[in-house]
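File shown: protein_8.pdb. Contents: PDB, C-alpha atoms.
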```pdb
ATOM      1  CA  MET A 283      11.266  48.118 -22.604
ATOM      2  CA  GLY A 284      12.102  44.450 -22.114
ATOM      3  CA  ASN A 285       8.406  43.551 -22.283
ATOM      4  CA  THR A 286       8.064  45.195 -25.693
ATOM      5  CA  ALA A 287      11.033  43.216 -27.038
ATOM      6  CA  GLU A 288       9.600  39.982 -25.614
ATOM      7  CA  LEU A 289       6.212  40.743 -27.169
ATOM      8  CA  HIS A 290       7.845  41.474 -30.516
ATOM      9  CA  ASP A 291       9.849  38.229 -30.330
ATOM     10  CA  SER A 292       6.727  36.281 -29.369
ATOM     11  CA  ARG A 293       4.770  37.789 -32.269
ATOM     12  CA  GLU A 294       7.641  37.080 -34.649
ATOM     13  CA  ALA A 295       7.737  33.459 -33.451
ATOM     14  CA  ARG A 296       4.003  33.078 -34.079
ATOM     15  CA  LEU A 297       4.320  34.631 -37.505
ATOM     16  CA  SER A 298       7.214  32.391 -38.367
ATOM     17  CA  ILE A 299       5.224  29.322 -37.311
ATOM     18  CA  ALA A 300       2.238  30.497 -39.364
ATOM     19  CA  GLY A 301       4.596  31.322 -42.209
ATOM     20  CA  ARG A 302       6.115  27.860 -42.082
ATOM     21  CA  ILE A 303       2.670  26.257 -42.098
ATOM     22  CA  LEU A 304       1.603  28.379 -45.066
ATOM     23  CA  TYR A 305       4.854  27.601 -46.856
ATOM     24  CA  ARG A 306       4.196  23.912 -46.344
ATOM     25  CA  ARG A 307       0.428  24.039 -46.841
ATOM     26  CA  TYR A 308       0.650  22.110 -50.101
ATOM     27  CA  LEU A 309       2.547  19.310 -48.406
ATOM     28  CA  ILE A 310       0.167  19.379 -45.433
ATOM     29  CA  SER A 311      -2.811  19.319 -47.823
ATOM     30  CA  VAL A 312      -1.390  16.268 -49.603
ATOM     31  CA  LEU A 313      -0.752  14.475 -46.296
ATOM     32  CA  LEU A 314      -4.249  15.254 -44.994
ATOM     33  CA  ALA A 315      -5.800  14.071 -48.263
ATOM     34  CA  CYS A 316      -3.821  10.816 -48.048
ATOM     35  CA  LEU A 317      -5.048  10.387 -44.474
ATOM     36  CA  ALA A 318      -8.637  10.901 -45.648
ATOM     37  CA  ILE A 319      -8.200   8.319 -48.417
ATOM     38  CA  ALA A 320      -6.775   5.837 -45.895
ATOM     39  CA  LEU A 321      -9.776   6.551 -43.662
ATOM     40  CA  GLU A 322     -12.157   5.824 -46.548
ATOM     41  CA  ILE A 323     -10.352   2.582 -47.381
ATOM     42  CA  TYR A 324     -10.538   1.490 -43.752
ATOM     43  CA  TYR A 325     -14.237   2.414 -43.633
ATOM     44  CA  SER A 326     -14.891   0.317 -46.761
ATOM     45  CA  ILE A 327     -13.371  -2.826 -45.224
ATOM     46  CA  CYS A 328     -14.682  -2.266 -41.717
ATOM     47  CA  ALA A 329     -17.873  -4.028 -40.753
ATOM     48  CA  GLY A 330     -18.208  -1.880 -37.662
ATOM     49  CA  SER A 331     -20.962   0.089 -36.081
ATOM     50  CA  CYS A 332     -21.650   2.460 -38.958
ATOM     51  CA  SER A 333     -21.389   0.058 -41.880
ATOM     52  CA  TYR A 334     -25.164   0.414 -42.303
ATOM     53  CA  LEU A 335     -24.904   4.168 -42.940
ATOM     54  CA  LYS A 336     -24.828   4.465 -46.732
ATOM     55  CA  GLY A 337     -24.981   7.278 -49.233
ATOM     56  CA  THR A 338     -24.784   7.673 -52.975
ATOM     57  CA  LEU A 339     -24.525  10.531 -55.416
ATOM     58  CA  LEU A 340     -25.981   9.727 -58.816
ATOM     59  CA  GLY A 341     -25.716   6.043 -57.896
ATOM     60  CA  ILE A 342     -22.022   6.211 -56.962
ATOM     61  CA  ASP A 343     -21.112   5.300 -53.388
ATOM     62  CA  LEU A 344     -19.906   8.298 -51.375
ATOM     63  CA  GLN A 345     -16.756   6.397 -50.348
ATOM     64  CA  TYR A 346     -15.537   6.462 -53.935
ATOM     65  CA  ILE A 347     -16.573  10.062 -54.417
ATOM     66  CA  GLY A 348     -14.674  10.975 -51.246
ATOM     67  CA  MET A 349     -11.554   9.199 -52.476
ATOM     68  CA  ALA A 350     -11.822  10.885 -55.898
ATOM     69  CA  PHE A 351     -12.335  14.240 -54.152
ATOM     70  CA  MET A 352      -9.164  13.765 -52.114
ATOM     71  CA  ALA A 353      -7.244  12.594 -55.207
ATOM     72  CA  CYS A 354      -8.219  15.904 -56.834
ATOM     73  CA  VAL A 355      -7.045  17.768 -53.715
ATOM     74  CA  ILE A 356      -3.694  15.985 -53.997
ATOM     75  CA  LEU A 357      -3.386  16.780 -57.704
ATOM     76  CA  LEU A 358      -4.328  20.452 -57.318
ATOM     77  CA  SER A 359      -1.981  20.808 -54.336
ATOM     78  CA  LEU A 360       0.914  19.304 -56.265
ATOM     79  CA  LEU A 361       0.171  21.579 -59.227
ATOM     80  CA  ARG A 362      -0.289  24.540 -56.841
ATOM     81  CA  LYS A 363      -3.571  25.565 -58.444
ATOM     82  CA  ASP A 364      -4.789  27.726 -55.556
ATOM     83  CA  MET A 365      -8.031  28.981 -57.089
ATOM     84  CA  LEU A 366      -9.258  25.551 -58.204
ATOM     85  CA  LEU A 367      -8.129  24.017 -54.915
ATOM     86  CA  ILE A 368     -10.108  26.451 -52.752
ATOM     87  CA  VAL A 369     -13.186  26.104 -54.995
ATOM     88  CA  LEU A 370     -13.011  22.314 -54.659
ATOM     89  CA  ILE A 371     -12.430  22.387 -50.908
ATOM     90  CA  SER A 372     -15.194  24.997 -50.409
ATOM     91  CA  ALA A 373     -17.571  22.741 -52.305
ATOM     92  CA  GLY A 374     -16.464  19.906 -50.020
ATOM     93  CA  VAL A 375     -17.272  22.022 -46.976
ATOM     94  CA  GLY A 376     -20.775  22.702 -48.315
ATOM     95  CA  ILE A 377     -21.309  18.989 -48.910
ATOM     96  CA  GLU A 378     -19.986  18.099 -45.460
ATOM     97  CA  PHE A 379     -22.458  20.557 -43.906
ATOM     98  CA  TYR A 380     -25.226  18.611 -45.633
ATOM     99  CA  LEU A 381     -23.854  15.206 -44.593
ATOM    100  CA  ILE A 382     -23.363  16.270 -40.976
ATOM    101  CA  GLY A 383     -26.911  17.657 -41.016
ATOM    102  CA  PHE A 384     -28.109  14.276 -42.350
ATOM    103  CA  GLN A 385     -26.467  12.530 -39.402
ATOM    104  CA  VAL A 386     -27.862  15.032 -36.895
ATOM    105  CA  TRP A 387     -31.367  14.790 -38.392
ATOM    106  CA  TYR A 388     -31.423  10.997 -38.025
ATOM    107  CA  GLY A 389     -29.461  10.935 -34.761
ATOM    108  CA  THR A 390     -26.921   8.521 -36.241
ATOM    109  CA  TYR A 391     -23.253   9.439 -36.241
ATOM    110  CA  CYS A 392     -20.437   7.809 -38.147
ATOM    111  CA  PRO A 393     -17.003   8.514 -36.634
ATOM    112  CA  TYR A 394     -15.291   7.858 -39.986
ATOM    113  CA  CYS A 395     -17.586  10.300 -41.775
ATOM    114  CA  LEU A 396     -17.053  12.926 -39.081
ATOM    115  CA  ALA A 397     -13.273  12.431 -39.216
ATOM    116  CA  PHE A 398     -13.391  12.867 -43.007
ATOM    117  CA  ALA A 399     -15.431  16.050 -42.517
ATOM    118  CA  ALA A 400     -12.885  17.324 -39.991
ATOM    119  CA  ILE A 401     -10.123  16.807 -42.551
ATOM    120  CA  VAL A 402     -12.126  18.762 -45.148
ATOM    121  CA  PHE A 403     -12.614  21.622 -42.663
ATOM    122  CA  ILE A 404      -8.901  21.645 -41.781
ATOM    123  CA  LEU A 405      -8.042  21.720 -45.495
ATOM    124  CA  PHE A 406     -10.393  24.678 -45.890
ATOM    125  CA  ILE A 407      -8.804  26.603 -43.019
ATOM    126  CA  LEU A 408      -5.341  25.805 -44.334
ATOM    127  CA  ASN A 409      -6.065  26.976 -47.893
ATOM    128  CA  PHE A 410      -8.518  29.844 -47.273
ATOM    129  CA  ARG A 411      -7.538  33.376 -48.300
ATOM    130  CA  ARG A 412      -9.563  36.405 -47.220
ATOM    131  CA  ASN A 413      -9.727  37.802 -50.722
ATOM    132  CA  GLN A 414     -11.592  34.638 -51.810
ATOM    133  CA  LYS A 415     -14.539  34.909 -49.383
ATOM    134  CA  ALA A 416     -17.182  35.427 -52.064
ATOM    135  CA  LEU A 417     -15.819  32.632 -54.239
ATOM    136  CA  CYS A 418     -15.798  30.268 -51.265
ATOM    137  CA  ALA A 419     -19.349  31.185 -50.237
ATOM    138  CA  ILE A 420     -20.674  30.695 -53.776
ATOM    139  CA  SER A 421     -18.889  27.360 -54.112
ATOM    140  CA  MET A 422     -20.199  26.137 -50.748
ATOM    141  CA  ALA A 423     -23.776  27.207 -51.461
ATOM    142  CA  ALA A 424     -23.809  25.768 -54.991
ATOM    143  CA  ALA A 425     -22.379  22.453 -53.790
ATOM    144  CA  LEU A 426     -24.852  22.268 -50.918
ATOM    145  CA  ILE A 427     -27.820  22.855 -53.223
ATOM    146  CA  ILE A 428     -26.671  20.582 -56.043
ATOM    147  CA  PHE A 429     -25.627  17.811 -53.656
ATOM    148  CA  SER A 430     -28.986  17.897 -51.877
ATOM    149  CA  LEU A 431     -30.742  17.315 -55.202
ATOM    150  CA  PHE A 432     -28.810  14.176 -56.127
ATOM    151  CA  PHE A 433     -27.876  12.615 -52.763
ATOM    152  CA  LYS A 434     -29.553   9.407 -51.656
ATOM    153  CA  GLY A 435     -28.840   8.281 -48.116
ATOM    154  CA  SER A 436     -30.010   5.353 -46.060
ATOM    155  CA  LEU A 437     -29.719   4.178 -42.495
ATOM    156  CA  ALA A 438     -30.975   0.660 -43.158
ATOM    157  CA  PRO A 439     -28.669  -2.159 -42.202
ATOM    158  CA  SER A 440     -27.204  -4.136 -45.069
ATOM    159  CA  TYR A 441     -29.049  -7.174 -43.736
ATOM    160  CA  SER A 442     -32.672  -7.152 -42.760
ATOM    161  CA  TYR A 443     -34.613  -9.026 -40.162
ATOM    162  CA  THR A 444     -38.185 -10.026 -40.424
ATOM    163  CA  MET A 445     -40.124  -9.003 -37.352
ATOM    164  CA  GLN A 446     -40.361 -12.645 -36.303
ATOM    165  CA  GLU A 447     -36.562 -13.116 -36.582
ATOM    166  CA  PHE A 448     -36.043  -9.960 -34.537
ATOM    167  CA  PHE A 449     -38.289 -11.171 -31.715
ATOM    168  CA  MET A 450     -36.780 -14.653 -31.790
ATOM    169  CA  GLU A 451     -33.265 -13.312 -31.465
ATOM    170  CA  THR A 452     -34.113 -10.602 -28.949
ATOM    171  CA  PHE A 453     -36.679 -12.268 -26.719
ATOM    172  CA  GLY A 454     -36.326 -15.961 -27.561
ATOM    173  CA  THR A 455     -39.921 -16.091 -28.722
ATOM    174  CA  THR A 456     -42.194 -14.814 -31.487
ATOM    175  CA  TRP A 457     -44.485 -11.820 -31.166
ATOM    176  CA  PRO A 458     -47.745 -13.858 -31.048
ATOM    177  CA  ALA A 459     -46.271 -16.182 -28.393
ATOM    178  CA  MET A 460     -45.089 -13.189 -26.382
ATOM    179  CA  VAL A 461     -48.556 -11.596 -26.466
ATOM    180  CA  ALA A 462     -50.181 -14.918 -25.522
ATOM    181  CA  GLN A 463     -47.844 -15.255 -22.514
ATOM    182  CA  GLN A 464     -48.715 -11.757 -21.340
ATOM    183  CA  HIS A 465     -52.475 -12.465 -21.606
ATOM    184  CA  ALA A 466     -52.128 -15.830 -19.876
ATOM    185  CA  GLY A 467     -50.354 -14.188 -16.939
ATOM    186  CA  ARG A 468     -53.272 -11.862 -16.223
TER     187      ARG A 468
END
```
Structure rendered as structure tokens:
Amino acid sequence: MGNTAELHDSREARLSIAGRILYRRYLISVLLACLAIALEIYYSICAGSCSYLKGTLLGIDLQYIGMAFMACVILLSLLRKDMLLIVLISAGVGIEFYLIGFQVWYGTYCPYCLAFAAIVFILFILNFRRNQKALCAISMAAALIIFSLFFKGSLAPSYSYTMQEFFMETFGTTWPAMVAQQHAGR
């Protein structure tokens, strides 16, 4: 009998934790969105390893679209507009699927972009309701299709080398001189 009481208490504890998270989901959503905006700001000033990974939507840099997206998440969370919030976040999930696929396709991964995507997925899990499955699926699919039509991405560095500059910096010689040295050594 003691085991049943312990199981009941354990289940009640889990439900109360889940209940507390759900009760505070608006606050958690706002905090996660602020974290994502901070991540985007850091990415914009960082000249790190993935500064060459660029993307635009209708000519607008994805950084700014991401910040505007998270500002809308904050606003809808504060206003407690559940339906609009889950539609927006579901659309974000569809777009993140596309952007992660873009990175996988080209074998180039941006930790900031992946962290932003993780935040979007956490927001989705936090705000998802089972009775909204169809709405979420439609929003994800529509966003994925529409985004793929208007997205322009590039992997080119923001600076460009000529082939001669590349060989000079890498090998200390030009391509023709390198070939001549190889033929002379034969």
**Asked** Which one is closest to Leu431 in chain A: A:Ile310, A:Asn413, A:Ala399, A:Leu339? Count all atoms listed in the file.
**Response** A:Leu339
**Message:** Let me make sure I understand: among A:Ala318, A:Met352, A:Ile371, A:Leu360, which one has the smallest atom-to-atom distance to Ala419 in chain A if we use all atoms listed in the file?
**Reply:** A:Ile371
**Request:** Report as a list in words the residues that result from applying the PyMOL selection byres ((chain A and resi 312) around 8) to the structure here.
**Result:** Tyr308, Leu309, Ile310, Ser311, Leu313, Leu314, Ala315, Cys316, Val355, Ile356, Ser359 and Leu360 of chain A
Requested write-out: C-alpha atoms of the selected residues, as a PDB file, in the frame of the given file:
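Just written: selection39.pdb:
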```pdb
ATOM      1  CA  TYR A 308       0.650  22.110 -50.101  1.00  0.00           C
ATOM      2  CA  LEU A 309       2.547  19.310 -48.406  1.00  0.00           C
ATOM      3  CA  ILE A 310       0.167  19.379 -45.433  1.00  0.00           C
ATOM      4  CA  SER A 311      -2.811  19.319 -47.823  1.00  0.00           C
ATOM      5  CA  LEU A 313      -0.752  14.475 -46.296  1.00  0.00           C
ATOM      6  CA  LEU A 314      -4.249  15.254 -44.994  1.00  0.00           C
ATOM      7  CA  ALA A 315      -5.800  14.071 -48.263  1.00  0.00           C
ATOM      8  CA  CYS A 316      -3.821  10.816 -48.048  1.00  0.00           C
ATOM      9  CA  VAL A 355      -7.045  17.768 -53.715  1.00  0.00           C
ATOM     10  CA  ILE A 356      -3.694  15.985 -53.997  1.00  0.00           C
ATOM     11  CA  SER A 359      -1.981  20.808 -54.336  1.00  0.00           C
ATOM     12  CA  LEU A 360       0.914  19.304 -56.265  1.00  0.00           C
TER      13      LEU A 360
END
```
**Request:** Could you tell me which residues the PyMOL selection byres ((chain A and resi 384) around 12) returns for this structure, as number ranges by chain?
**Result:** A: 335-337, 377-383, 385-392, 395-396, 430, 433-437
**Request:** Write out as JSON, numbers by chain each polymer residue whose atoms come within 12 Å of Gly376 in chain A, counting all atoms listed in the file; drop sequence neighbours fewer than 6 positions from it.
**Result:** {"A": [369, 370, 382, 383, 399, 402, 403, 406, 418, 419, 420, 421, 422, 423, 424, 425, 426, 427, 428, 429, 430]}
**Message:** Between CA of Gly374 in chain A and CA of Gly348 in chain A, what is the distance in Å, rounded to a tenth?
**Reply:**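 A separation of 9.2 Å between them.
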**Message:** Please report the interatomic distance between CA of Thr338 in chain A and CA of Leu321 in chain A in Å with one decimal.
**Reply:**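 So the answer is 17.7 Å.
The gap separating CA of Leu358 in chain A from CA of Ile327 in chain A is 27.7 Å, in Å to one decimal.
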**Message:** Residues within 8 Å of Asn409 in chain A, please, as a ChimeraX atom specification. Count only C-alpha atoms; anything in the same chain fewer than 6 positions from it doesn't count.
**Reply:** /A:307,364,367-368
